[in-house]
>>> print(open('upload.tsv').read())   # TSV, C-alpha atoms and all ligand atoms
chain	number	residue	atom	x	y	z
H	1439	MET	CA	165.29	-138.56	109.83
H	1440	THR	CA	166.58	-135.92	107.46
H	1441	ASP	CA	169.73	-134.17	108.59
H	1442	PRO	CA	168.40	-130.81	109.80
H	1443	GLY	CA	171.74	-129.28	108.88
H	1444	HIS	CA	170.99	-129.74	105.18
H	1445	THR	CA	167.37	-128.65	104.93
H	1446	ARG	CA	166.28	-127.25	101.57
H	1447	LEU	CA	163.21	-125.10	101.90
H	1448	LEU	CA	160.93	-123.75	99.16
H	1449	LEU	CA	159.13	-120.50	99.97
H	1450	ILE	CA	156.01	-119.71	97.93
H	1451	GLY	CA	154.40	-116.31	98.47
H	1452	GLY	CA	155.19	-113.88	101.24
H	1453	ASP	CA	157.25	-110.75	101.06
H	1454	THR	CA	160.87	-109.78	101.54
H	1455	SER	CA	160.49	-109.38	105.28
H	1456	LEU	CA	159.36	-113.00	105.59
H	1457	TRP	CA	162.35	-114.11	103.53
H	1458	ILE	CA	164.62	-112.20	105.87
H	1459	GLY	CA	162.80	-113.58	108.92
H	1460	LEU	CA	163.03	-117.14	107.64
H	1461	SER	CA	166.70	-116.69	106.84
H	1462	SER	CA	167.33	-115.47	110.36
H	1463	ILE	CA	165.63	-118.43	112.06
H	1464	ALA	CA	166.87	-121.10	109.68
H	1465	SER	CA	170.09	-122.79	110.55
H	1466	ALA	CA	173.22	-121.68	108.71
H	1467	THR	CA	173.07	-124.55	106.27
H	1468	THR	CA	169.34	-124.29	105.45
H	1469	GLN	CA	168.90	-123.13	101.88
H	1470	ILE	CA	165.79	-121.17	100.95
H	1471	PHE	CA	164.53	-121.28	97.36
H	1472	VAL	CA	161.69	-119.56	95.54
H	1473	PRO	CA	160.00	-120.85	92.35
H	1474	LYS	CA	160.91	-119.07	89.11
H	1475	GLY	CA	157.24	-118.65	88.15
H	1476	THR	CA	153.76	-119.07	89.60
H	1477	GLY	CA	152.53	-122.05	87.52
H	1478	ALA	CA	152.39	-125.71	88.55
H	1479	ASP	CA	155.41	-126.57	86.36
H	1480	SER	CA	157.58	-123.91	88.00
H	1481	ILE	CA	156.53	-125.05	91.45
H	1482	ALA	CA	157.09	-128.73	90.63
H	1483	ALA	CA	160.55	-127.95	89.24
H	1484	ALA	CA	161.48	-125.84	92.25
H	1485	ALA	CA	160.15	-128.43	94.69
H	1486	ALA	CA	161.84	-131.44	93.12
H	1487	ASP	CA	164.63	-131.55	95.67
H	1488	VAL	CA	163.41	-129.83	98.83
H	1489	GLU	CA	162.51	-131.28	102.23
H	1490	VAL	CA	159.86	-128.74	103.16
H	1491	VAL	CA	157.63	-126.15	101.49
H	1492	VAL	CA	156.24	-123.00	103.12
H	1493	VAL	CA	153.19	-121.51	101.39
H	1494	VAL	CA	152.12	-118.04	102.45
H	1495	LEU	CA	148.46	-117.30	101.71
H	1496	SER	CA	147.55	-113.68	101.03
H	1497	ASP	CA	144.28	-112.12	102.12
H	1498	GLN	CA	143.30	-111.29	98.54
H	1499	GLY	CA	140.01	-113.17	98.14
H	1500	PRO	CA	139.27	-116.66	96.86
H	1501	ASP	CA	142.42	-116.84	94.67
H	1502	ARG	CA	144.50	-116.97	97.82
H	1503	MET	CA	144.18	-120.77	97.81
H	1504	GLN	CA	145.67	-121.15	94.32
H	1505	PRO	CA	149.29	-121.74	95.42
H	1506	LEU	CA	148.12	-124.45	97.77
H	1507	HIS	CA	146.09	-126.15	95.06
H	1508	LEU	CA	149.19	-126.10	92.84
H	1509	ILE	CA	151.16	-127.77	95.62
H	1510	ALA	CA	148.47	-130.44	95.96
H	1511	GLN	CA	148.47	-130.98	92.19
H	1512	VAL	CA	152.13	-131.89	92.27
H	1513	GLY	CA	151.66	-134.02	95.39
H	1514	LEU	CA	153.75	-131.95	97.79
H	1515	GLN	CA	151.13	-131.14	100.40
H	1516	ARG	CA	152.55	-133.65	102.90
H	1517	ARG	CA	155.77	-131.62	103.04
H	1518	THR	CA	154.03	-128.26	103.26
H	1519	VAL	CA	153.52	-125.75	106.05
H	1520	VAL	CA	150.85	-123.14	105.35
H	1521	LEU	CA	150.94	-119.64	106.78
H	1522	ALA	CA	147.48	-118.07	106.54
H	1523	GLN	CA	145.77	-114.94	107.78
H	1524	PRO	CA	144.66	-115.03	111.42
H	1525	GLU	CA	141.12	-116.40	111.84
H	1526	ASP	CA	140.94	-117.46	108.18
H	1527	HIS	CA	139.10	-120.62	109.19
H	1528	SER	CA	137.95	-121.33	105.66
H	1529	ALA	CA	141.55	-121.50	104.45
H	1530	ALA	CA	142.44	-123.61	107.47
H	1531	ALA	CA	139.71	-126.12	106.68
H	1532	GLU	CA	140.71	-126.34	103.03
H	1533	ALA	CA	144.39	-126.70	103.91
H	1534	VAL	CA	143.65	-129.59	106.25
H	1535	LEU	CA	141.38	-131.27	103.71
H	1536	LEU	CA	144.11	-130.95	101.09
H	1537	GLY	CA	146.36	-132.84	103.49
H	1538	VAL	CA	148.99	-130.25	104.35
H	1539	ALA	CA	151.49	-131.25	107.02
H	1540	GLY	CA	151.31	-128.05	109.07
H	1541	TYR	CA	149.25	-124.92	109.46
H	1542	LEU	CA	150.16	-121.70	111.21
H	1543	GLN	CA	148.64	-118.26	111.38
H	1544	GLN	CA	150.64	-115.36	110.01
H	1545	GLY	CA	151.99	-113.50	112.99
H	1546	SER	CA	153.18	-116.74	114.61
H	1547	THR	CA	156.56	-116.29	116.21
H	1548	PRO	CA	159.70	-117.21	114.24
H	1549	GLU	CA	160.29	-119.93	116.83
H	1550	GLN	CA	156.87	-121.48	116.10
H	1551	LEU	CA	157.56	-121.45	112.37
H	1552	ALA	CA	161.00	-122.94	112.89
H	1553	MET	CA	159.48	-125.66	115.08
H	1554	ALA	CA	156.82	-126.46	112.45
H	1555	ILE	CA	159.46	-126.68	109.72
H	1556	GLN	CA	161.64	-128.88	111.89
H	1557	GLN	CA	158.69	-131.18	112.69
H	1558	VAL	CA	157.68	-131.52	109.05
H	1559	THR	CA	161.26	-132.25	108.07
H	1560	ALA	CA	161.71	-134.85	110.80
H	1561	HIS	CA	158.24	-136.42	111.12
H	1562	GLY	CA	156.27	-135.35	108.04
H	1563	VAL	CA	153.73	-133.54	110.19
H	1564	SER	CA	153.51	-130.53	112.50
H	1565	TYR	CA	151.31	-130.49	115.56
H	1566	ASP	CA	151.14	-126.73	115.77
H	1567	ALA	CA	147.93	-126.35	113.79
H	1568	TRP	CA	145.98	-123.59	115.51
H	1569	GLY	CA	148.60	-123.29	118.19
H	1570	ALA	CA	148.32	-126.76	119.69
H	1571	ALA	CA	151.99	-126.73	120.56
H	1572	GLU	CA	151.31	-127.94	124.07
H	1573	LEU	CA	150.11	-131.22	122.63
H	1574	HIS	CA	153.39	-131.75	120.84
H	1575	SER	CA	155.39	-131.11	123.98
H	1576	ARG	CA	153.14	-133.61	125.76
H	1577	MET	CA	153.94	-136.20	123.13
H	1578	GLU	CA	157.64	-135.39	123.16
H	1579	LEU	CA	157.71	-136.78	126.69
H	1580	THR	CA	156.62	-140.17	125.47
H	1581	ASP	CA	158.56	-142.97	123.90
H	1582	PRO	CA	156.62	-144.35	120.91
H	1583	PRO	CA	158.00	-147.92	120.99
H	1584	LYS	CA	156.67	-148.38	124.54
H	1585	LEU	CA	153.23	-146.99	123.81
H	1586	PHE	CA	151.53	-150.01	122.32
H	1587	PRO	CA	148.72	-149.91	123.32
H	1588	ASN	CA	149.05	-147.39	126.15
H	1589	ILE	CA	145.67	-146.64	127.69
H	1590	GLY	CA	147.28	-144.12	130.05
H	1591	ALA	CA	148.51	-142.05	127.10
H	1592	ALA	CA	145.07	-142.27	125.49
H	1593	LYS	CA	143.40	-141.07	128.70
H	1594	ALA	CA	145.88	-138.20	129.08
H	1595	LEU	CA	145.22	-136.98	125.53
H	1596	ALA	CA	141.46	-137.34	125.96
H	1597	SER	CA	141.54	-135.34	129.19
H	1598	ALA	CA	143.71	-132.66	127.53
H	1599	LEU	CA	140.92	-132.17	125.01
H	1600	GLU	CA	138.30	-131.85	127.73
H	1601	LEU	CA	140.14	-128.81	129.10
H	1602	LYS	CA	139.19	-127.09	125.83
H	1603	ASP	CA	135.81	-128.57	124.98
H	1604	THR	CA	133.84	-127.48	128.02
H	1605	TYR	CA	130.42	-128.66	126.82
H	1606	THR	CA	131.20	-132.33	126.61
H	1607	GLY	CA	132.59	-133.01	130.08
H	1608	GLY	CA	133.12	-136.72	130.67
H	1609	HIS	CA	132.03	-137.60	127.14
H	1610	ALA	CA	135.14	-139.56	126.19
H	1611	GLU	CA	135.03	-141.88	129.23
H	1612	ARG	CA	131.25	-142.26	129.07
H	1613	VAL	CA	131.02	-143.00	125.36
H	1614	THR	CA	133.94	-145.40	125.61
H	1615	GLY	CA	132.02	-147.44	128.18
H	1616	MET	CA	128.95	-147.51	125.94
H	1617	ALA	CA	130.91	-148.42	122.82
H	1618	MET	CA	132.71	-151.21	124.67
H	1619	ARG	CA	129.33	-152.71	125.66
H	1620	LEU	CA	128.18	-152.71	122.05
H	1621	ALA	CA	131.54	-154.10	120.91
H	1622	ARG	CA	131.17	-156.95	123.38
H	1623	ILE	CA	127.67	-157.88	122.22
H	1624	ALA	CA	128.55	-157.50	118.53
H	1625	MET	CA	131.59	-159.69	119.19
H	1626	VAL	CA	133.84	-157.04	117.66
H	1627	GLU	CA	135.67	-157.24	120.95
H	1628	GLY	CA	137.58	-160.47	120.66
H	1629	ALA	CA	138.24	-159.91	116.98
H	1630	LEU	CA	140.03	-156.77	118.16
H	1631	PRO	CA	141.77	-156.57	121.56
H	1632	SER	CA	139.78	-154.61	124.14
H	1633	GLU	CA	142.74	-152.33	125.02
H	1634	VAL	CA	143.05	-151.33	121.36
H	1635	LEU	CA	139.34	-150.62	121.04
H	1636	GLU	CA	139.36	-148.63	124.27
H	1637	ALA	CA	142.27	-146.47	123.10
H	1638	GLY	CA	140.51	-145.70	119.80
H	1639	PHE	CA	137.24	-144.85	121.52
H	1640	LEU	CA	138.92	-142.60	124.11
H	1641	LEU	CA	140.83	-140.72	121.40
H	1642	HIS	CA	138.05	-140.40	118.82
H	1643	ASP	CA	137.80	-136.60	119.12
H	1644	VAL	CA	141.42	-135.78	119.97
H	1645	GLY	CA	141.68	-133.76	116.74
H	1646	LYS	CA	139.36	-131.19	118.32
H	1647	ILE	CA	142.41	-129.91	120.14
H	1648	GLY	CA	143.19	-128.19	116.83
H	1649	ILE	CA	139.75	-126.57	116.51
H	1650	PRO	CA	139.26	-123.00	117.80
H	1651	GLU	CA	137.43	-122.83	121.13
H	1652	SER	CA	135.12	-120.20	119.65
H	1653	ILE	CA	133.73	-122.97	117.45
H	1654	LEU	CA	133.90	-125.86	119.94
H	1655	ASN	CA	132.09	-123.95	122.66
H	1656	LYS	CA	129.72	-121.88	120.54
H	1657	PRO	CA	126.17	-122.10	121.87
H	1658	GLY	CA	123.60	-122.97	119.20
H	1659	GLY	CA	124.24	-123.49	115.50
H	1660	LEU	CA	127.43	-123.12	113.50
H	1661	THR	CA	127.89	-121.29	110.19
H	1662	ASP	CA	128.79	-123.34	107.11
H	1663	THR	CA	132.43	-122.27	107.42
H	1664	GLU	CA	132.55	-123.12	111.12
H	1665	ARG	CA	131.02	-126.52	110.38
H	1666	ARG	CA	133.66	-127.22	107.73
H	1667	VAL	CA	136.38	-126.33	110.22
H	1668	LEU	CA	134.85	-128.59	112.87
H	1669	GLN	CA	134.59	-131.43	110.36
H	1670	THR	CA	138.37	-131.47	109.95
H	1671	HIS	CA	138.79	-132.93	113.46
H	1672	PRO	CA	138.93	-136.61	112.37
H	1673	ILE	CA	141.81	-135.79	109.99
H	1674	LEU	CA	143.61	-133.70	112.58
H	1675	GLY	CA	143.13	-136.45	115.17
H	1676	GLU	CA	144.59	-139.08	112.88
H	1677	ARG	CA	147.72	-136.97	112.51
H	1678	VAL	CA	147.98	-136.29	116.22
H	1679	VAL	CA	148.19	-139.99	117.08
H	1680	ALA	CA	150.26	-141.01	114.04
H	1681	PRO	CA	153.63	-140.99	115.86
H	1682	LEU	CA	152.30	-142.81	118.94
H	1683	GLY	CA	152.49	-146.28	117.45
H	1684	PHE	CA	148.89	-147.30	118.10
H	1685	PRO	CA	147.46	-150.14	115.99
H	1686	GLU	CA	145.58	-149.38	112.79
H	1687	CYS	CA	142.19	-149.80	114.46
H	1688	VAL	CA	142.81	-146.76	116.68
H	1689	ARG	CA	143.53	-144.61	113.65
H	1690	GLU	CA	140.42	-145.95	111.92
H	1691	VAL	CA	138.08	-145.03	114.77
H	1692	ILE	CA	139.53	-141.52	114.89
H	1693	ARG	CA	139.34	-140.92	111.14
H	1694	HIS	CA	136.02	-142.60	110.40
H	1695	HIS	CA	133.74	-142.09	113.40
H	1696	HIS	CA	131.63	-139.55	111.47
H	1697	GLU	CA	131.13	-141.66	108.35
H	1698	ARG	CA	127.55	-142.77	107.66
H	1699	TRP	CA	126.26	-146.13	106.42
H	1700	ASP	CA	124.70	-144.38	103.38
H	1701	GLY	CA	127.97	-142.71	102.43
H	1702	LYS	CA	126.90	-139.18	103.36
H	1703	GLY	CA	129.27	-138.74	106.29
H	1704	TYR	CA	132.80	-137.35	106.48
H	1705	PRO	CA	135.71	-137.08	105.89
H	1706	ASP	CA	135.92	-139.83	103.23
H	1707	ARG	CA	132.24	-140.54	102.47
H	1708	LEU	CA	132.81	-144.25	103.01
H	1709	ALA	CA	129.64	-146.37	102.89
H	1710	GLY	CA	128.45	-149.70	104.33
H	1711	THR	CA	131.07	-152.19	105.35
H	1712	ALA	CA	133.81	-150.06	103.79
H	1713	ILE	CA	133.60	-148.17	107.09
H	1714	PRO	CA	135.79	-150.01	109.62
H	1715	ALA	CA	133.66	-152.05	112.05
H	1716	ALA	CA	134.96	-150.34	115.19
H	1717	ALA	CA	134.14	-146.92	113.71
H	1718	ARG	CA	130.65	-148.11	112.68
H	1719	LEU	CA	129.78	-149.26	116.14
H	1720	PHE	CA	131.43	-146.31	117.83
H	1721	SER	CA	129.33	-143.85	115.83
H	1722	ILE	CA	126.17	-145.34	117.40
H	1723	ALA	CA	127.49	-144.87	120.94
H	1724	ASP	CA	128.73	-141.37	120.08
H	1725	VAL	CA	125.35	-140.18	118.88
H	1726	LEU	CA	123.57	-141.92	121.74
H	1727	ASP	CA	125.70	-140.13	124.32
H	1728	ALA	CA	125.37	-136.78	122.55
H	1729	MET	CA	121.57	-137.07	122.46
H	1730	THR	CA	121.24	-138.08	126.11
H	1731	SER	CA	123.76	-135.59	127.53
H	1732	ILE	CA	122.99	-132.19	128.94
H	1733	ARG	CA	123.93	-129.24	126.72
H	1734	PRO	CA	123.38	-125.57	127.57
H	1735	TYR	CA	121.34	-125.03	124.39
H	1736	ARG	CA	118.98	-128.03	124.54
H	1737	LYS	CA	117.44	-130.58	126.85
H	1738	PRO	CA	118.68	-134.16	126.78
H	1739	VAL	CA	116.59	-136.81	125.06
H	1740	SER	CA	115.55	-139.73	127.26
H	1741	PHE	CA	117.55	-142.89	126.79
H	1742	THR	CA	114.52	-144.81	125.53
H	1743	ASN	CA	113.74	-142.18	122.91
H	1744	ALA	CA	117.39	-141.92	121.87
H	1745	ILE	CA	117.50	-145.68	121.27
H	1746	ARG	CA	114.32	-145.39	119.21
H	1747	GLU	CA	115.93	-142.60	117.15
H	1748	ILE	CA	119.06	-144.69	116.55
H	1749	LYS	CA	116.95	-147.59	115.28
H	1750	ALA	CA	114.95	-145.23	113.03
H	1751	ASN	CA	118.22	-144.37	111.32
H	1752	ALA	CA	119.29	-147.98	110.72
H	1753	GLY	CA	120.40	-148.39	107.12
H	1754	THR	CA	120.81	-144.64	106.56
H	1755	GLN	CA	123.11	-143.25	109.23
H	1756	PHE	CA	123.95	-146.49	111.02
H	1757	ASP	CA	124.82	-150.12	110.28
H	1758	PRO	CA	121.45	-151.95	110.48
H	1759	HIS	CA	123.06	-155.11	111.88
H	1760	LEU	CA	124.55	-153.16	114.78
H	1761	CYS	CA	121.30	-151.26	115.34
H	1762	ALA	CA	119.58	-154.59	115.93
H	1763	LEU	CA	121.82	-155.04	118.98
H	1764	VAL	CA	121.31	-151.69	120.70
H	1765	ASP	CA	118.41	-152.81	122.92
H	1766	GLU	CA	120.48	-155.63	124.33
H	1767	ALA	CA	123.56	-153.42	124.66
H	1768	PHE	CA	122.01	-150.38	126.28
H	1769	LEU	CA	118.43	-150.63	127.49
H	1770	ALA	CA	119.11	-153.17	130.22
H	1771	THR	CA	121.92	-151.02	131.63
H	1772	HIS	CA	120.17	-147.66	131.75
H	1773	ASP	CA	117.36	-146.42	133.87
H	1774	ASP	CA	115.81	-143.24	132.49
H	1775	ALA	CA	114.21	-142.43	135.83
H	1776	ALA	CA	117.60	-142.45	137.54
H	1777	ARG	CA	119.33	-140.59	134.72
H	1778	PHE	CA	116.76	-137.83	134.41
H	1779	PRO	CA	115.32	-137.30	137.89
H	1780	GLY	CA	112.18	-135.21	138.01
H	1801	FE	FE	133.88	-136.45	116.50
>>> encode(input="upload.tsv", output="structure tokens")
Amino acid sequence: MTDPGHTRLLLIGGDTSLWIGLSSIASATTQIFVPKGTGADSIAAAAADVEVVVVVLSDQGPDRMQPLHLIAQVGLQRRTVVLAQPEDHSAAAEAVLLGVAGYLQQGSTPEQLAMAIQQVTAHGVSYDAWGAAELHSRMELTDPPKLFPNIGAAKALASALELKDTYTGGHAERVTGMAMRLARIAMVEGALPSEVLEAGFLLHDVGKIGIPESILNKPGGLTDTERRVLQTHPILGERVVAPLGFPECVREVIRHHHERWDGKGYPDRLAGTAIPAAARLFSIADVLDAMTSIRPYRKPVSFTNAIREIKANAGTQFDPHLCALVDEAFLATHDDAARFPG
């Protein structure tokens, strides 16, 4: 861990009042620098010996992202906290996709900014994206070396998300049960310990804790911008669990559960067996539960029809070898008449 008493901070953008504000919250030995110019060379030179970068995005149209792109060009995004305009979801999505370590809205309190800077300096990531500070404090109570693989911690984080995402009540527990059945039949369980698989499945959507509730709980369709914001949740989730010491498989399920067999998924557009096996099988259970669950804006599909739909997408959306196992995994254990009375 870097000595917080000797933090060197590069400030890009922002006005004099922010400089003064930052100076007031930074500790006495924190040095604040600004680049001598606005080009990539100036930024790279100024950033050569700093622990953290703060980029302030203006509200002046599409060029507002330019400083952040310069930071990414010189590979400094993992040490960068972005301050953007409130509700600028497009900038938020792009910042996350560029891999920045922290994201705050302008107008955040000095204490929030100081906490984000401290987290990036100490851990290389801030959990305050979109104000999810409560999640960080939850994790602060835990002791990473004892967490492997802690199902209780996974359940607590999954239930924290359900407080926000009101449409998908019980989804994490339900889909975990379904994915475990498929894992058992596909013999992925065994190759990977069941506790590890269960933790990954429970936590698959934990990154949604960083997505605005106005998007998570919006009835009906999303705009393109809202969809891009929502599609950052696998990346956010991966960062949320990074300090918890879970095995690689847990991270893989979280990051890759929206990849598609044909390479048209997100966030990495992996295809075929390049997608980790646990993520490939989880995506089938995820879609199956989404289709058969009640949503305010549509009726659930019957289990039999949902299975048929999954198999129709074998080789495009889903791993065809896993699709061949869905009848055995799910049909025998579900009774449509009981699930959809009347
Ligand atoms: Fe998801």
>>> closest_atom_pairs(input="upload.tsv", of="chain H", to="ligand FE 1801 (chain H)", cutoff="9 Å", atoms="only C-alpha atoms and all ligand atoms", output="Markdown table")
| residue | atom | partner | partner_atom | distance |
| --- | --- | --- | --- | --- |
| H:His1642 | CA | H:FE1801 | FE | 6.2 |
| H:Asp1643 | CA | H:FE1801 | FE | 4.7 |
| H:Val1644 | CA | H:FE1801 | FE | 8.3 |
| H:Gly1645 | CA | H:FE1801 | FE | 8.3 |
| H:Lys1646 | CA | H:FE1801 | FE | 7.8 |
| H:Leu1668 | CA | H:FE1801 | FE | 8.7 |
| H:Gln1669 | CA | H:FE1801 | FE | 8.0 |
| H:His1671 | CA | H:FE1801 | FE | 6.8 |
| H:Pro1672 | CA | H:FE1801 | FE | 6.5 |
| H:Ile1692 | CA | H:FE1801 | FE | 7.8 |
| H:Arg1693 | CA | H:FE1801 | FE | 8.9 |
| H:His1694 | CA | H:FE1801 | FE | 8.9 |
| H:His1695 | CA | H:FE1801 | FE | 6.4 |
| H:His1696 | CA | H:FE1801 | FE | 6.3 |
| H:Ser1721 | CA | H:FE1801 | FE | 8.7 |
| H:Asp1724 | CA | H:FE1801 | FE | 8.0 |
>>> write_last_selection(input="upload.tsv", atoms="C-alpha atoms", output="PDB file, keeping the file's coordinate frame")
ATOM      1  CA  HIS H1642     138.050-140.400 118.820  1.00  0.00           C
ATOM      2  CA  ASP H1643     137.800-136.600 119.120  1.00  0.00           C
ATOM      3  CA  VAL H1644     141.420-135.780 119.970  1.00  0.00           C
ATOM      4  CA  GLY H1645     141.680-133.760 116.740  1.00  0.00           C
ATOM      5  CA  LYS H1646     139.360-131.190 118.320  1.00  0.00           C
ATOM      6  CA  LEU H1668     134.850-128.590 112.870  1.00  0.00           C
ATOM      7  CA  GLN H1669     134.590-131.430 110.360  1.00  0.00           C
ATOM      8  CA  HIS H1671     138.790-132.930 113.460  1.00  0.00           C
ATOM      9  CA  PRO H1672     138.930-136.610 112.370  1.00  0.00           C
ATOM     10  CA  ILE H1692     139.530-141.520 114.890  1.00  0.00           C
ATOM     11  CA  ARG H1693     139.340-140.920 111.140  1.00  0.00           C
ATOM     12  CA  HIS H1694     136.020-142.600 110.400  1.00  0.00           C
ATOM     13  CA  HIS H1695     133.740-142.090 113.400  1.00  0.00           C
ATOM     14  CA  HIS H1696     131.630-139.550 111.470  1.00  0.00           C
ATOM     15  CA  SER H1721     129.330-143.850 115.830  1.00  0.00           C
ATOM     16  CA  ASP H1724     128.730-141.370 120.080  1.00  0.00           C
TER      17      ASP H1724
END
>>> residues_around(input="upload.tsv", residues="Val1725 of chain H", least_positions_apart="4", cutoff="9 Å", atoms="all atoms listed in the file", output="VMD selection string")
chain H and resid 1720 to 1721 1729 to 1730 1744 1748
>>> residues_around(input="upload.tsv", residues="Trp1699 of chain H", least_positions_apart="5", cutoff="7 Å", atoms="only C-alpha atoms", output="CSV table (one decimal) with C-alpha atoms, in the coordinates of the input")
chain,number,residue,atom,x,y,z
H,1709,ALA,CA,129.6,-146.4,102.9
H,1710,GLY,CA,128.4,-149.7,104.3
H,1753,GLY,CA,120.4,-148.4,107.1
H,1754,THR,CA,120.8,-144.6,106.6
H,1755,GLN,CA,123.1,-143.2,109.2
H,1756,PHE,CA,124.0,-146.5,111.0
H,1757,ASP,CA,124.8,-150.1,110.3
>>> residues_around(input="upload.tsv", residues="Leu1641 of chain H", least_positions_apart="6", cutoff="8 Å", atoms="only C-alpha atoms", output="list in words")
Ala1592, Lys1593, Leu1595, Ala1596, Ala1610, Gly1675, Val1688 and Ile1692 of chain H
>>> closest_residue(input="upload.tsv", among="H:Arg1736, H:Ala1750, H:Ala1594, H:Ala1715", to="Met1625 of chain H", atoms="all atoms listed in the file")
H:Ala1715
>>> closest_residue(input="upload.tsv", among="H:Ala1482, H:Gly1638, H:Thr1670, H:Thr1547", to="Asp1706 of chain H", atoms="only C-alpha atoms")
H:Thr1670
>>> atom_distance(input="upload.tsv", atom1="atom CA of Leu1708 of chain H", atom2="atom CA of Ala1539 of chain H")
23.1 Å
>>> residues_around(input="upload.tsv", residues="Gly1451 of chain H", least_positions_apart="4", cutoff="9 Å", atoms="all atoms listed in the file", output="tab-separated table (two decimals) with C-alpha atoms, in the frame of the given file")
chain	number	residue	atom	x	y	z
H	1472	VAL	CA	161.69	-119.56	95.54
H	1492	VAL	CA	156.24	-123.00	103.12
H	1493	VAL	CA	153.19	-121.51	101.39
H	1494	VAL	CA	152.12	-118.04	102.45
H	1495	LEU	CA	148.46	-117.30	101.71
H	1496	SER	CA	147.55	-113.68	101.03
H	1505	PRO	CA	149.29	-121.74	95.42
>>> atom_distance(input="upload.tsv", atom1="atom CA of Gln1523 of chain H", atom2="atom CA of Asp1497 of chain H")
6.5 Å
>>> axis_aligned_box(input="upload.tsv", around="segment 1709-1721 of chain H", padding_each_side="4 Å", output="lines of an AutoDock Vina configuration file")
center_x = 132.1
center_y = -148.0
center_z = 110.4
size_x = 15.3
size_y = 16.3
size_z = 22.9
>>> atom_distance(input="upload.tsv", atom1="atom CA of Arg1612 of chain H", atom2="atom CA of Gly1590 of chain H")
16.2 Å
>>> closest_residue(input="upload.tsv", among="H:Thr1742, H:Gln1557, H:Val1613, H:Gly1659", to="Pro1681 of chain H", atoms="only C-alpha atoms")
H:Gln1557
>>> closest_residue(input="upload.tsv", among="H:Ala1533, H:Leu1654, H:Leu1448, H:Val1739", to="Ala1484 of chain H", atoms="all atoms listed in the file")
H:Leu1448
>>> closest_residue(input="upload.tsv", among="H:Leu1460, H:Ala1728, H:Val1488, H:Leu1635", to="Leu1551 of chain H", atoms="only C-alpha atoms")
H:Leu1460
>>> residues_around(input="upload.tsv", residues="Glu1636 of chain H", least_positions_apart="3", cutoff="9 Å", atoms="only C-alpha atoms", output="PyMOL selection string")
chain H and resi 1589+1592+1614-1615+1617-1618+1631-1633+1639-1641+1688
